[in-house]
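One file, input21.cif, carrying mmCIF, C-alpha atoms:
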data_protein
loop_
_atom_site.label_atom_id
_atom_site.label_comp_id
_atom_site.auth_asym_id
_atom_site.auth_seq_id
_atom_site.Cartn_x
_atom_site.Cartn_y
_atom_site.Cartn_z
CA MET A 414 60.89 74.52 -90.35
CA THR A 415 62.96 76.91 -88.26
CA VAL A 416 60.31 79.63 -88.61
CA VAL A 417 57.60 77.19 -87.50
CA LYS A 418 59.55 76.18 -84.39
CA GLU A 419 60.25 79.83 -83.58
CA GLN A 420 56.55 80.70 -83.78
CA GLU A 421 55.61 77.70 -81.66
CA GLY A 422 58.18 78.90 -79.15
CA LEU A 423 56.60 82.37 -79.15
CA TYR A 424 53.22 80.91 -78.19
CA LEU A 425 54.79 78.79 -75.47
CA SER A 426 56.75 81.70 -74.01
CA SER A 427 53.67 83.93 -74.29
CA PHE A 428 51.69 81.42 -72.25
CA THR A 429 54.38 81.36 -69.56
CA HIS A 430 54.27 85.17 -69.43
CA LEU A 431 50.45 85.41 -69.39
CA GLU A 432 49.53 82.30 -67.40
CA ASN A 433 48.96 84.08 -64.09
CA THR A 434 46.93 86.84 -65.74
CA LEU A 435 44.81 84.35 -67.69
CA ASN A 436 44.01 82.45 -64.50
CA GLU A 437 42.73 85.45 -62.56
CA ASN A 438 39.04 85.24 -61.60
CA VAL A 439 38.52 81.72 -62.93
CA ALA A 440 37.53 78.49 -61.21
CA ALA A 441 40.18 76.35 -59.50
CA TRP A 442 40.04 73.67 -62.20
CA VAL A 443 40.84 76.04 -65.10
CA PRO A 444 44.61 76.47 -64.58
CA LYS A 445 45.14 72.72 -64.91
CA LEU A 446 42.97 72.73 -68.05
CA ARG A 447 45.11 75.47 -69.58
CA ARG A 448 48.37 73.81 -68.59
CA THR A 449 47.31 70.48 -70.09
CA ALA A 450 46.26 72.25 -73.30
CA ILE A 451 49.55 74.12 -73.76
CA GLU A 452 51.45 70.90 -73.12
CA SER A 453 49.37 69.25 -75.86
CA PHE A 454 50.24 72.12 -78.22
CA ALA A 455 53.94 71.78 -77.38
CA GLU A 456 53.73 68.10 -78.28
CA LEU A 457 51.58 68.51 -81.41
CA GLY A 458 53.09 71.65 -82.92
CA PHE A 459 51.52 73.37 -85.90
CA PRO A 460 50.15 71.04 -88.60
CA SER A 461 51.89 70.87 -91.96
CA THR A 462 50.96 69.77 -95.47
CA HIS A 463 52.54 66.42 -94.63
CA ASP A 464 49.54 65.78 -92.38
CA GLU A 465 46.73 64.20 -94.40
CA GLU A 466 44.09 66.42 -92.79
CA TRP A 467 46.08 69.54 -93.78
CA LYS A 468 47.32 68.32 -97.16
CA TYR A 469 45.91 71.26 -99.13
CA THR A 470 46.18 73.99 -96.50
CA ASN A 471 49.52 75.55 -95.69
CA VAL A 472 49.61 77.33 -92.34
CA ALA A 473 52.69 79.36 -93.35
CA PRO A 474 50.76 82.67 -93.08
CA LEU A 475 50.12 81.81 -89.44
CA VAL A 476 53.74 81.08 -88.64
CA SER A 477 55.37 83.83 -90.69
CA LEU A 478 53.88 86.66 -88.61
CA PRO A 479 54.41 87.28 -84.87
CA PHE A 480 50.81 87.52 -83.65
CA ALA A 481 50.54 89.30 -80.32
CA PRO A 482 47.51 89.16 -77.97
CA ALA A 483 44.97 91.81 -78.97
CA ARG A 484 45.00 94.70 -76.50
CA VAL A 485 43.32 97.57 -78.38
CA LYS A 486 41.46 100.12 -76.26
CA LEU A 487 37.76 100.36 -77.05
CA THR A 488 37.13 104.01 -77.94
CA GLU A 489 33.90 105.84 -78.73
CA GLU A 490 34.85 105.88 -82.42
CA ILE A 491 35.30 102.10 -82.42
CA ARG A 492 31.91 101.72 -80.72
CA ARG A 493 30.29 103.76 -83.49
CA ARG A 494 32.02 101.67 -86.15
CA ILE A 495 30.79 98.46 -84.54
CA GLU A 496 27.21 99.75 -84.53
CA ARG A 497 27.51 100.57 -88.25
CA LEU A 498 28.57 97.08 -89.28
CA PRO A 499 26.21 95.65 -91.94
CA LEU A 500 24.85 92.82 -89.77
CA ALA A 501 25.23 94.51 -86.38
CA ASP A 502 21.53 95.15 -85.83
CA LEU A 503 19.32 92.23 -86.82
CA GLY A 504 16.44 93.27 -84.59
CA CYS A 505 17.17 90.60 -81.99
CA SER A 506 19.18 90.02 -78.82
CA ARG A 507 22.93 90.58 -79.21
CA LEU A 508 26.10 89.71 -77.32
CA THR A 509 28.98 91.84 -78.57
CA PHE A 510 32.65 90.88 -78.29
CA PHE A 511 35.65 93.01 -79.23
CA ASN A 512 38.88 91.07 -79.78
CA GLY A 513 37.31 88.17 -77.92
CA ARG A 514 36.14 90.18 -74.87
CA TYR A 515 32.55 90.88 -73.89
CA ILE A 516 31.28 94.47 -74.26
CA PRO A 517 28.16 94.80 -72.07
CA GLU A 518 27.30 98.35 -73.19
CA LEU A 519 27.04 97.14 -76.81
CA SER A 520 25.00 94.07 -75.87
CA LYS A 521 21.26 93.71 -75.27
CA LEU A 522 18.72 91.00 -74.58
CA ARG A 523 15.22 91.26 -76.07
CA GLU A 524 12.18 89.09 -75.45
CA VAL A 525 14.07 86.21 -73.84
CA PRO A 526 12.38 83.40 -71.92
CA LYS A 527 12.61 83.12 -68.17
CA GLY A 528 15.67 81.23 -67.01
CA LEU A 529 17.79 81.92 -70.09
CA LYS A 530 21.45 82.50 -69.29
CA ALA A 531 23.24 84.55 -71.95
CA GLY A 532 26.35 86.63 -71.52
CA SER A 533 30.07 86.51 -70.88
CA LEU A 534 31.86 83.20 -70.37
CA ALA A 535 34.38 84.95 -68.12
CA SER A 536 31.58 86.15 -65.84
CA ALA A 537 29.93 82.72 -65.87
CA PHE A 538 32.84 81.30 -63.87
CA LYS A 539 31.51 83.23 -60.85
CA ASN A 540 27.87 82.15 -60.98
CA HIS A 541 27.78 78.98 -63.09
CA GLY A 542 31.12 77.35 -62.34
CA ALA A 543 29.70 73.85 -61.82
CA VAL A 544 27.98 73.91 -65.21
CA LEU A 545 31.15 75.10 -66.94
CA GLU A 546 33.25 72.46 -65.25
CA ARG A 547 30.84 69.79 -66.48
CA HIS A 548 30.87 70.95 -70.12
CA LEU A 549 33.64 73.40 -71.03
CA ALA A 550 36.46 71.79 -73.05
CA ARG A 551 34.83 68.34 -72.69
CA TYR A 552 33.91 67.97 -76.39
CA ALA A 553 36.42 69.84 -78.58
CA ASP A 554 39.59 67.78 -78.15
CA ALA A 555 42.68 69.83 -77.28
CA ARG A 556 44.79 66.66 -77.11
CA THR A 557 44.70 66.05 -80.88
CA HIS A 558 44.05 69.47 -82.44
CA ALA A 559 46.74 72.14 -82.16
CA PHE A 560 44.52 75.17 -82.67
CA VAL A 561 41.92 73.88 -80.20
CA ALA A 562 44.78 73.42 -77.74
CA LEU A 563 45.90 77.03 -78.29
CA ASN A 564 42.37 78.30 -77.77
CA THR A 565 41.94 76.24 -74.60
CA ALA A 566 45.20 77.57 -73.23
CA PHE A 567 44.67 81.24 -74.11
CA PHE A 568 40.91 81.93 -74.14
CA GLU A 569 39.81 84.82 -71.95
CA ASP A 570 36.15 85.21 -72.81
CA GLY A 571 33.36 84.27 -75.19
CA ALA A 572 29.65 83.61 -75.14
CA PHE A 573 27.97 81.44 -72.54
CA ILE A 574 24.39 80.53 -73.44
CA GLU A 575 22.17 78.10 -71.58
CA VAL A 576 18.61 77.59 -72.81
CA PRO A 577 16.52 76.03 -70.03
CA LYS A 578 14.41 72.92 -70.44
CA GLY A 579 11.35 73.52 -72.62
CA ALA A 580 12.18 77.18 -73.30
CA VAL A 581 11.61 78.66 -76.75
CA LEU A 582 13.49 81.73 -78.03
CA GLN A 583 11.03 83.62 -80.22
CA LYS A 584 13.86 85.64 -81.80
CA PRO A 585 17.48 84.66 -82.46
CA LEU A 586 20.39 85.43 -80.19
CA HIS A 587 23.21 87.15 -82.10
CA ILE A 588 26.87 86.78 -81.10
CA LEU A 589 28.81 89.62 -82.77
CA GLN A 590 32.59 89.08 -82.89
CA VAL A 591 34.66 92.10 -83.95
CA SER A 592 38.46 92.23 -84.30
CA LEU A 593 40.88 95.13 -84.64
CA GLY A 594 44.64 94.95 -84.48
CA GLY A 595 45.31 98.65 -84.09
CA GLY A 596 48.14 98.56 -86.64
CA ARG A 597 49.64 95.34 -85.22
CA THR A 598 49.29 91.66 -86.12
CA THR A 599 47.15 90.36 -83.27
CA VAL A 600 45.42 87.15 -82.21
CA SER A 601 42.25 86.53 -80.19
CA HIS A 602 40.80 83.26 -78.91
CA PRO A 603 37.00 83.52 -78.48
CA ARG A 604 35.47 80.53 -76.70
CA ASN A 605 31.73 79.79 -76.78
CA LEU A 606 29.66 77.29 -74.82
CA ILE A 607 26.04 76.75 -75.89
CA LEU A 608 23.85 74.43 -73.83
CA MET A 609 20.37 73.48 -75.00
CA GLY A 610 18.09 72.05 -72.34
CA SER A 611 15.79 69.18 -73.28
CA THR A 612 13.03 70.22 -75.73
CA GLY A 613 14.43 73.77 -75.82
CA GLN A 614 14.34 75.68 -79.11
CA ALA A 615 16.63 78.47 -80.28
CA THR A 616 18.31 80.17 -83.22
CA ILE A 617 21.82 81.45 -82.58
CA ILE A 618 23.71 83.60 -85.08
CA GLU A 619 27.44 84.31 -84.85
CA THR A 620 29.07 86.87 -87.12
CA PHE A 621 32.75 87.80 -87.49
CA PHE A 622 33.99 91.18 -88.77
CA SER A 623 37.26 93.12 -88.92
CA LEU A 624 37.48 96.90 -88.54
CA ALA A 625 40.82 97.30 -90.34
CA GLU A 626 42.81 95.69 -93.11
CA GLU A 627 45.86 94.62 -91.11
CA PRO A 628 46.29 90.87 -90.54
CA THR A 629 44.43 89.53 -87.53
CA PHE A 630 44.16 85.93 -86.42
CA THR A 631 40.88 84.74 -84.93
CA ASN A 632 41.15 81.31 -83.32
CA THR A 633 37.66 80.41 -82.15
CA VAL A 634 36.12 77.29 -80.60
CA THR A 635 32.38 76.72 -80.06
CA GLU A 636 31.01 73.77 -78.13
CA ILE A 637 27.30 72.98 -78.47
CA VAL A 638 25.39 70.46 -76.37
CA ALA A 639 21.82 69.66 -77.45
CA GLY A 640 19.72 67.90 -74.82
CA GLU A 641 16.98 65.36 -75.52
CA GLY A 642 14.47 66.68 -78.03
CA ALA A 643 16.21 70.07 -78.34
CA LEU A 644 16.06 72.06 -81.58
CA LEU A 645 18.88 74.46 -82.50
CA ASP A 646 19.67 76.50 -85.60
CA TYR A 647 23.27 77.81 -85.47
CA CYS A 648 24.38 80.16 -88.24
CA LYS A 649 27.98 81.40 -88.53
CA VAL A 650 28.93 84.21 -90.94
CA GLN A 651 32.62 85.00 -91.47
CA GLN A 652 33.20 88.32 -93.24
CA GLU A 653 36.53 89.50 -91.91
CA SER A 654 39.05 91.58 -93.85
CA ALA A 655 40.96 90.39 -96.90
CA ALA A 656 44.10 90.00 -94.74
CA ALA A 657 42.46 88.15 -91.85
CA LEU A 658 43.29 84.60 -90.80
CA HIS A 659 40.51 82.54 -89.27
CA TYR A 660 40.37 79.12 -87.63
CA ALA A 661 37.11 77.81 -86.20
CA ARG A 662 36.11 74.59 -84.50
CA VAL A 663 32.40 73.92 -84.01
CA GLN A 664 31.83 70.82 -81.89
CA VAL A 665 28.26 69.54 -81.52
CA GLN A 666 27.17 66.86 -79.08
CA GLN A 667 23.59 65.66 -79.59
CA GLU A 668 21.38 63.61 -77.30
CA ARG A 669 18.29 61.55 -78.08
CA SER A 670 15.84 62.98 -80.66
CA SER A 671 17.62 66.34 -80.85
CA THR A 672 17.98 68.32 -84.09
CA VAL A 673 20.87 70.68 -84.77
CA ALA A 674 21.26 72.59 -88.04
CA THR A 675 24.50 74.48 -88.70
CA HIS A 676 24.85 77.07 -91.48
CA SER A 677 28.35 78.29 -92.39
CA ILE A 678 28.66 81.33 -94.67
CA GLN A 679 32.27 82.23 -95.56
CA LEU A 680 32.92 85.39 -97.52
CA GLY A 681 36.03 87.07 -96.05
CA GLY A 682 39.53 86.29 -94.87
CA ALA A 683 42.79 85.47 -96.60
CA LEU A 684 43.02 82.02 -95.02
CA THR A 685 40.05 80.30 -93.40
CA ARG A 686 39.89 76.83 -91.89
CA GLU A 687 36.64 75.67 -90.35
CA GLU A 688 36.02 72.28 -88.75
CA VAL A 689 32.50 71.20 -87.88
CA GLN A 690 32.01 67.93 -86.04
CA ALA A 691 28.62 66.61 -84.98
CA VAL A 692 28.36 63.55 -82.74
CA LEU A 693 24.92 61.94 -82.84
CA GLY A 694 25.15 60.42 -79.39
CA GLY A 695 21.46 59.70 -78.82
CA GLU A 696 19.03 57.52 -80.71
CA GLY A 697 16.87 59.38 -83.23
CA ALA A 698 19.07 62.49 -83.40
CA GLU A 699 19.21 64.54 -86.61
CA SER A 700 22.10 66.65 -87.93
CA LEU A 701 21.88 69.19 -90.78
CA LEU A 702 25.11 70.77 -92.05
CA HIS A 703 24.91 73.57 -94.61
CA GLY A 704 27.82 75.61 -95.95
CA LEU A 705 28.53 78.28 -98.56
CA TYR A 706 31.93 79.74 -99.42
CA VAL A 707 32.22 82.57 -101.98
CA ILE A 708 35.84 83.54 -102.53
CA THR A 709 38.01 85.43 -105.02
CA GLY A 710 41.53 86.77 -105.51
CA GLN A 711 44.03 84.75 -103.46
CA GLN A 712 41.56 83.65 -100.77
CA HIS A 713 41.85 80.14 -99.35
CA VAL A 714 38.97 78.40 -97.56
CA ASP A 715 39.21 74.91 -96.05
CA ASN A 716 36.10 73.15 -94.74
CA HIS A 717 36.47 69.92 -92.79
CA THR A 718 33.28 68.30 -91.52
CA THR A 719 32.58 65.11 -89.61
CA ILE A 720 29.19 63.61 -88.81
CA ASP A 721 29.62 60.80 -86.33
CA HIS A 722 26.63 58.44 -86.18
CA ALA A 723 27.20 56.80 -82.80
CA GLN A 724 23.64 55.56 -82.15
CA PRO A 725 20.92 53.87 -84.23
CA HIS A 726 17.98 55.50 -86.05
CA CYS A 727 19.80 58.79 -86.63
CA SER A 728 19.76 60.86 -89.80
CA SER A 729 21.99 63.53 -91.31
CA ARG A 730 21.91 65.78 -94.36
CA GLU A 731 24.90 67.79 -95.52
CA LEU A 732 25.13 70.32 -98.35
CA TYR A 733 28.17 72.53 -98.94
CA LYS A 734 28.50 74.77 -101.99
CA GLY A 735 31.42 76.84 -103.22
CA VAL A 736 31.75 79.72 -105.68
CA LEU A 737 35.39 80.34 -106.58
CA GLU A 738 36.80 83.17 -108.70
CA GLY A 739 40.24 84.59 -109.48
CA LYS A 740 43.08 82.46 -108.09
CA SER A 741 41.19 81.38 -105.01
CA GLN A 742 41.49 77.89 -103.58
CA GLY A 743 38.91 75.82 -101.77
CA VAL A 744 39.09 72.59 -99.82
CA PHE A 745 36.19 70.40 -98.75
CA ASN A 746 36.76 67.25 -96.73
CA GLY A 747 33.51 65.78 -95.46
CA LYS A 748 33.46 62.57 -93.47
CA ILE A 749 30.47 60.52 -92.37
CA ILE A 750 31.19 57.84 -89.77
CA VAL A 751 28.65 55.12 -89.00
CA ARG A 752 29.58 53.18 -85.84
CA PRO A 753 28.91 49.41 -85.53
CA ASP A 754 25.82 49.92 -83.34
CA ALA A 755 24.37 52.73 -85.48
CA GLN A 756 21.92 50.60 -87.45
CA LYS A 757 19.14 52.26 -89.48
CA THR A 758 21.34 55.29 -90.19
CA ASP A 759 20.11 57.55 -92.98
CA SER A 760 22.75 59.97 -94.27
CA LYS A 761 23.30 62.07 -97.40
CA GLN A 762 26.26 64.29 -98.19
CA SER A 763 26.86 66.60 -101.16
CA ASN A 764 29.53 69.13 -102.11
CA LYS A 765 28.99 71.25 -105.24
CA ASN A 766 31.40 73.82 -106.63
CA LEU A 767 31.17 76.49 -109.31
CA LEU A 768 34.45 77.75 -110.79
CA LEU A 769 34.21 81.22 -112.35
CA SER A 770 37.80 81.36 -113.58
CA GLU A 771 40.38 79.00 -115.01
CA ASP A 772 42.78 79.71 -112.16
CA ALA A 773 40.42 78.82 -109.32
CA ILE A 774 41.09 75.45 -107.62
CA ILE A 775 38.92 73.16 -105.51
CA ASN A 776 40.03 69.98 -103.76
CA THR A 777 37.03 68.00 -102.62
CA LYS A 778 36.95 64.70 -100.78
CA PRO A 779 33.63 63.35 -99.51
CA GLN A 780 34.11 60.23 -97.37
CA LEU A 781 32.05 57.42 -95.88
CA GLU A 782 33.28 55.15 -93.09
CA ILE A 783 30.56 52.58 -92.46
CA PHE A 784 30.86 49.87 -89.82
CA ALA A 785 27.18 48.84 -89.72
CA ASP A 786 25.26 46.82 -92.32
CA ASP A 787 21.68 48.18 -92.14
CA VAL A 788 22.18 51.76 -93.32
CA LYS A 789 21.30 54.12 -96.17
CA CYS A 790 24.17 56.45 -97.02
CA THR A 791 25.08 58.46 -100.12
CA HIS A 792 27.77 61.02 -100.89
CA GLY A 793 29.04 62.92 -103.90
CA ALA A 794 30.81 66.00 -105.23
CA THR A 795 30.60 68.08 -108.40
CA VAL A 796 32.85 70.72 -109.95
CA GLY A 797 31.72 72.78 -112.94
CA GLN A 798 31.32 76.14 -114.63
CA ILE A 799 28.33 78.30 -115.49
CA ASP A 800 26.04 76.54 -117.97
CA ALA A 801 26.56 78.24 -121.36
CA GLU A 802 23.09 77.18 -122.54
CA ALA A 803 21.48 78.78 -119.49
CA VAL A 804 23.40 82.02 -120.17
CA PHE A 805 22.28 81.91 -123.82
CA TYR A 806 18.66 81.42 -122.75
CA LEU A 807 18.74 84.45 -120.43
CA ARG A 808 20.46 86.58 -123.05
CA SER A 809 17.75 85.64 -125.55
CA ARG A 810 15.30 87.18 -123.07
CA GLY A 811 17.14 90.50 -123.18
CA ILE A 812 19.39 90.06 -120.14
CA ALA A 813 22.99 91.24 -120.48
CA ALA A 814 25.72 88.58 -120.34
CA ASP A 815 27.25 89.75 -117.03
CA GLU A 816 23.85 90.02 -115.38
CA ALA A 817 22.87 86.58 -116.66
CA LYS A 818 26.00 85.04 -115.14
CA SER A 819 25.37 86.84 -111.85
CA LEU A 820 21.79 85.56 -111.74
CA LEU A 821 22.85 81.98 -112.39
CA THR A 822 25.63 82.15 -109.81
CA TYR A 823 23.28 83.68 -107.27
CA ALA A 824 20.71 80.93 -107.88
CA PHE A 825 23.44 78.33 -107.31
CA ALA A 826 24.49 79.89 -104.00
CA ASN A 827 20.98 80.73 -102.83
CA ASP A 828 20.19 77.04 -102.46
CA VAL A 829 22.20 77.16 -99.23
CA MET A 830 21.17 80.62 -98.02
CA GLU A 831 17.45 79.93 -98.29
CA ARG A 832 17.88 77.24 -95.63
CA ILE A 833 18.59 79.99 -93.08
CA LYS A 834 15.28 80.38 -91.25
CA PHE A 835 15.69 83.91 -89.87
CA GLN A 836 14.43 86.15 -92.66
CA PRO A 837 16.27 89.42 -91.83
CA LEU A 838 19.65 87.65 -91.91
CA ARG A 839 18.77 85.65 -95.01
CA GLU A 840 17.67 88.78 -96.91
CA ARG A 841 20.71 90.85 -95.95
CA LEU A 842 23.10 88.08 -96.92
CA ALA A 843 21.27 87.67 -100.23
CA GLU A 844 21.56 91.39 -100.97
CA ARG A 845 25.26 91.47 -100.16
CA LEU A 846 25.98 88.33 -102.15
CA PHE A 847 24.11 89.50 -105.24
CA ALA A 848 25.85 92.91 -105.15
CA ARG A 849 29.22 91.20 -104.82
CA LEU A 850 28.57 88.82 -107.72
CA ALA A 851 27.31 91.63 -109.93
CA LYS A 852 30.44 93.68 -109.15
CA THR A 853 32.67 90.70 -109.94
CA GLN A 854 31.00 90.01 -113.26
CA SER A 855 31.07 93.69 -114.25
CA ALA A 856 34.80 93.85 -113.51
CA LYS A 857 35.42 90.75 -115.66
CA GLU A 858 33.40 92.13 -118.55
CA ALA A 859 35.12 95.54 -118.42
#
I'd like the structure from this file rewritten - as structure tokens, please.
Amino acid sequence: MTVVKEQEGLYLSSFTHLENTLNENVAAWVPKLRRTAIESFAELGFPSTHDEEWKYTNVAPLVSLPFAPARVKLTEEIRRRIERLPLADLGCSRLTFFNGRYIPELSKLREVPKGLKAGSLASAFKNHGAVLERHLARYADARTHAFVALNTAFFEDGAFIEVPKGAVLQKPLHILQVSLGGGRTTVSHPRNLILMGSTGQATIIETFFSLAEEPTFTNTVTEIVAGEGALLDYCKVQQESAAALHYARVQVQQERSSTVATHSIQLGGALTREEVQAVLGGEGAESLLHGLYVITGQQHVDNHTTIDHAQPHCSSRELYKGVLEGKSQGVFNGKIIVRPDAQKTDSKQSNKNLLLSEDAIINTKPQLEIFADDVKCTHGATVGQIDAEAVFYLRSRGIAADEAKSLLTYAFANDVMERIKFQPLRERLAERLFARLAKTQSAKEA
């Protein structure tokens, strides 16, 4: 408890030290926003396992290390390493961020529609301040979530994307987030704001990578607003180092007849906590939540999702799958809320897990909270191992045991990946996943 209080005190004193610097070149309303957020953090403190929402996730790794703000100089060698990252070049527009700060020389826009705004959030304060004031920090609640409060207090930059009314992005827009501690334990707070104009269509990909093995803490918040009839595919891939710590909040606000699909692929990190909340705030809105976590060793991944049906005639589909090996631990807590006025809701939720070792653990808790009477809702969870009969069948066809297990595991996971619409990303993820599974099975057989 003493260590926790000391670390909370470090963040509070760090804010006092950095407050003036953080508030340079921002709009007049931002300092009050930051101050309110840090006061909320001081009141909330870090969550503990005594909190029901954090029952299976211990934040001790976050409070046992003194994370300092990332201040690594971007050298030519680091630039080359960023360009060589496996998903750096997907053949589409890219916004590149290093330790949460925009790098224009490593960013490029290709074949974008007229009127699209895409770039640095920090720069957007100069030209789009009124839009930011209307939307930034209005959806992800810093008053009740400690890590959102920290991000709101400390963010310096992130992606600002505004798709104009009726515009269609022919190719995805890629947000590349790269962290490097430079031999120190560092923290960055990327903040994204994505605004979809009515009937606009876009695919946005966000990837997270580390360039070194030292512990880094990425505390990221993304707010998405989908206007009437908008269509958005948002895919997030987390493949940071084995020592990295990662917290993410994805907050989606949907208006009438909009469709938002989120795809979460989690492969890296020592401790990952991701919260996705979609509020269906307009009649006829549709939400699709897809997730895949493939973890091994001592990795810990915690997924908390909430789909809030606030209006009638809305639908949602949720599928999260986990592949756990070694002594890894997974958590899935999915909640579907149907408000009293949300009649004719149609919602399905499923969490399926494959355990590849006896020491792997999954805690899964699908939930329904229904306050309307004319709805159609289902939810469920499964936990199992590789089907021995399926392995026997493949072996009878001349396939080696380790390859058979890799194929079956890949088929299980691919059910989520094939829902990613952008083919280059889907194929590269499939290649990396299959190679990883094959390596894992070969090591177990050896």
Run the PyMOL selection byres ((chain A and resi 489-496) around 8) mentally over the shown coordinates, then write out the matched residues as a PDB file with C-alpha atoms, in the coordinates of the input, using the chain letters and numbers from the document.
ATOM      1  CA  LEU A 487      37.760 100.360 -77.050  1.00  0.00           C
ATOM      2  CA  THR A 488      37.130 104.010 -77.940  1.00  0.00           C
ATOM      3  CA  ARG A 497      27.510 100.570 -88.250  1.00  0.00           C
ATOM      4  CA  LEU A 498      28.570  97.080 -89.280  1.00  0.00           C
ATOM      5  CA  ALA A 501      25.230  94.510 -86.380  1.00  0.00           C
ATOM      6  CA  ASP A 502      21.530  95.150 -85.830  1.00  0.00           C
ATOM      7  CA  LEU A 519      27.040  97.140 -76.810  1.00  0.00           C
ATOM      8  CA  VAL A 591      34.660  92.100 -83.950  1.00  0.00           C
ATOM      9  CA  LEU A 624      37.480  96.900 -88.540  1.00  0.00           C
TER      10      LEU A 624
END
Q: For atom CA of Ala450 of chain A and atom CA of Ala553 of chain A, determine how far apart the two atoms are, in Å to one decimal place.
A: 11.4 Å
Q. When the PyMOL selection byres ((chain A and resi 642-652) around 7) is applied to the file above, which residues end up in the set, as a count of residues only?
A. 33
Q | Residues selected by the PyMOL selection byres ((chain A and resi 422) around 12), written as an MDAnalysis selection string | A | chainID A and resid 415:421 423:429 451 454:456 458:459 476 479
Go ahead and save the residues from that selection, with C-alpha atoms, as a compact mmCIF listing (two decimals), in the frame of the given file.
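File written: selection_31.txt
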# COMPACT_ATOMS: atom_id res chain seq x y z
CA THR A 415 62.96 76.91 -88.26
CA VAL A 416 60.31 79.63 -88.61
CA VAL A 417 57.60 77.19 -87.50
CA LYS A 418 59.55 76.18 -84.39
CA GLU A 419 60.25 79.83 -83.58
CA GLN A 420 56.55 80.70 -83.78
CA GLU A 421 55.61 77.70 -81.66
CA LEU A 423 56.60 82.37 -79.15
CA TYR A 424 53.22 80.91 -78.19
CA LEU A 425 54.79 78.79 -75.47
CA SER A 426 56.75 81.70 -74.01
CA SER A 427 53.67 83.93 -74.29
CA PHE A 428 51.69 81.42 -72.25
CA THR A 429 54.38 81.36 -69.56
CA ILE A 451 49.55 74.12 -73.76
CA PHE A 454 50.24 72.12 -78.22
CA ALA A 455 53.94 71.78 -77.38
CA GLU A 456 53.73 68.10 -78.28
CA GLY A 458 53.09 71.65 -82.92
CA PHE A 459 51.52 73.37 -85.90
CA VAL A 476 53.74 81.08 -88.64
CA PRO A 479 54.41 87.28 -84.87
Q) Taking into account all atoms listed in the file, which residue in the set A:Leu732, A:Leu475, A:Ala441, A:Ile588 is nearest to Arg507 of chain A? A)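 Among A:Leu732, A:Leu475, A:Ala441, A:Ile588, it is A:Ile588 that comes nearest to Arg507 of chain A.
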Q) Any idea what the distance is between atom CA of Lys740 of chain A and atom CA of Asn632 of chain A? A)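 Between atom CA of Lys740 of chain A and atom CA of Asn632 of chain A the gap works out to 24.9 Å.
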Q. Rounded to one decimal in Å, what is the spacing between atom CA of Lys445 of chain A and atom CA of Ser536 of chain A?
A. 19.1 Å
Q: Choose the residue, out of A:Leu838, A:Asn746, A:Phe480, A:Leu446, that has the smallest atom-to-atom separation from Pro499 of chain A; count only C-alpha atoms.
A: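 Checking each of A:Leu838, A:Asn746, A:Phe480, A:Leu446 against Pro499 of chain A, counting only C-alpha atoms, the winner is A:Leu838.
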Q) So which one's closest to Pro526 of chain A, A:Arg551, A:Arg597, A:Lys578, A:Arg484? Using all atoms listed in the file, please. A)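 Looking at the shortest contact to Pro526 of chain A, the residue is A:Lys578.
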Q | Using all atoms listed in the file: which of A:Thr631, A:Ser763, A:Ser729, A:Gln583 has the shortest distance to Val751 of chain A | A | A:Ser729
Q | Of the listed residues A:Leu582, A:Leu508, A:Ala801, A:Ile750, that which approaches His722 of chain A most closely, counting all atoms listed in the file | A |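 Of A:Leu582, A:Leu508, A:Ala801, A:Ile750, the one nearest His722 of chain A is A:Ile750, counting all atoms listed in the file.
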Q: Go through A:Thr470, A:Asn540, A:Ala562, A:Asn512 and flag the residue nearest Gln742 of chain A, using only C-alpha atoms for the distances.
A: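 Of A:Thr470, A:Asn540, A:Ala562, A:Asn512, the one nearest Gln742 of chain A, counting only C-alpha atoms, is A:Thr470.
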Q: List the residues sitting within 12 Å of (15.2, 85.9, -71.1) in the file's frame, using only C-alpha atoms, as a list in words.
A: Ser506, Lys521, Leu522, Arg523, Glu524, Val525, Pro526, Lys527, Gly528, Leu529, Lys530, Ala531, Gly532, Ile574, Glu575, Val576, Pro577, Ala580, Val581, Leu582, Gln583, Lys584, Pro585, Leu586 and Ala615 of chain A
Show me as an mmCIF file with C-alpha atoms, keeping the file's coordinate frame the residues that reach within 10 Å of (21.5, 54.0, -93.4), counting only C-alpha atoms and using the file's own coordinates.
data_model
loop_
_atom_site.group_PDB
_atom_site.id
_atom_site.type_symbol
_atom_site.label_atom_id
_atom_site.label_comp_id
_atom_site.auth_asym_id
_atom_site.auth_seq_id
_atom_site.Cartn_x
_atom_site.Cartn_y
_atom_site.Cartn_z
ATOM 1 C CA HIS A 722 26.630 58.440 -86.180
ATOM 2 C CA PRO A 725 20.920 53.870 -84.230
ATOM 3 C CA HIS A 726 17.980 55.500 -86.050
ATOM 4 C CA CYS A 727 19.800 58.790 -86.630
ATOM 5 C CA SER A 728 19.760 60.860 -89.800
ATOM 6 C CA SER A 729 21.990 63.530 -91.310
ATOM 7 C CA VAL A 751 28.650 55.120 -89.000
ATOM 8 C CA ALA A 755 24.370 52.730 -85.480
ATOM 9 C CA GLN A 756 21.920 50.600 -87.450
ATOM 10 C CA LYS A 757 19.140 52.260 -89.480
ATOM 11 C CA THR A 758 21.340 55.290 -90.190
ATOM 12 C CA ASP A 759 20.110 57.550 -92.980
ATOM 13 C CA SER A 760 22.750 59.970 -94.270
ATOM 14 C CA LYS A 761 23.300 62.070 -97.400
ATOM 15 C CA ILE A 783 30.560 52.580 -92.460
ATOM 16 C CA ALA A 785 27.180 48.840 -89.720
ATOM 17 C CA ASP A 786 25.260 46.820 -92.320
ATOM 18 C CA ASP A 787 21.680 48.180 -92.140
ATOM 19 C CA VAL A 788 22.180 51.760 -93.320
ATOM 20 C CA LYS A 789 21.300 54.120 -96.170
ATOM 21 C CA CYS A 790 24.170 56.450 -97.020
ATOM 22 C CA THR A 791 25.080 58.460 -100.120
#
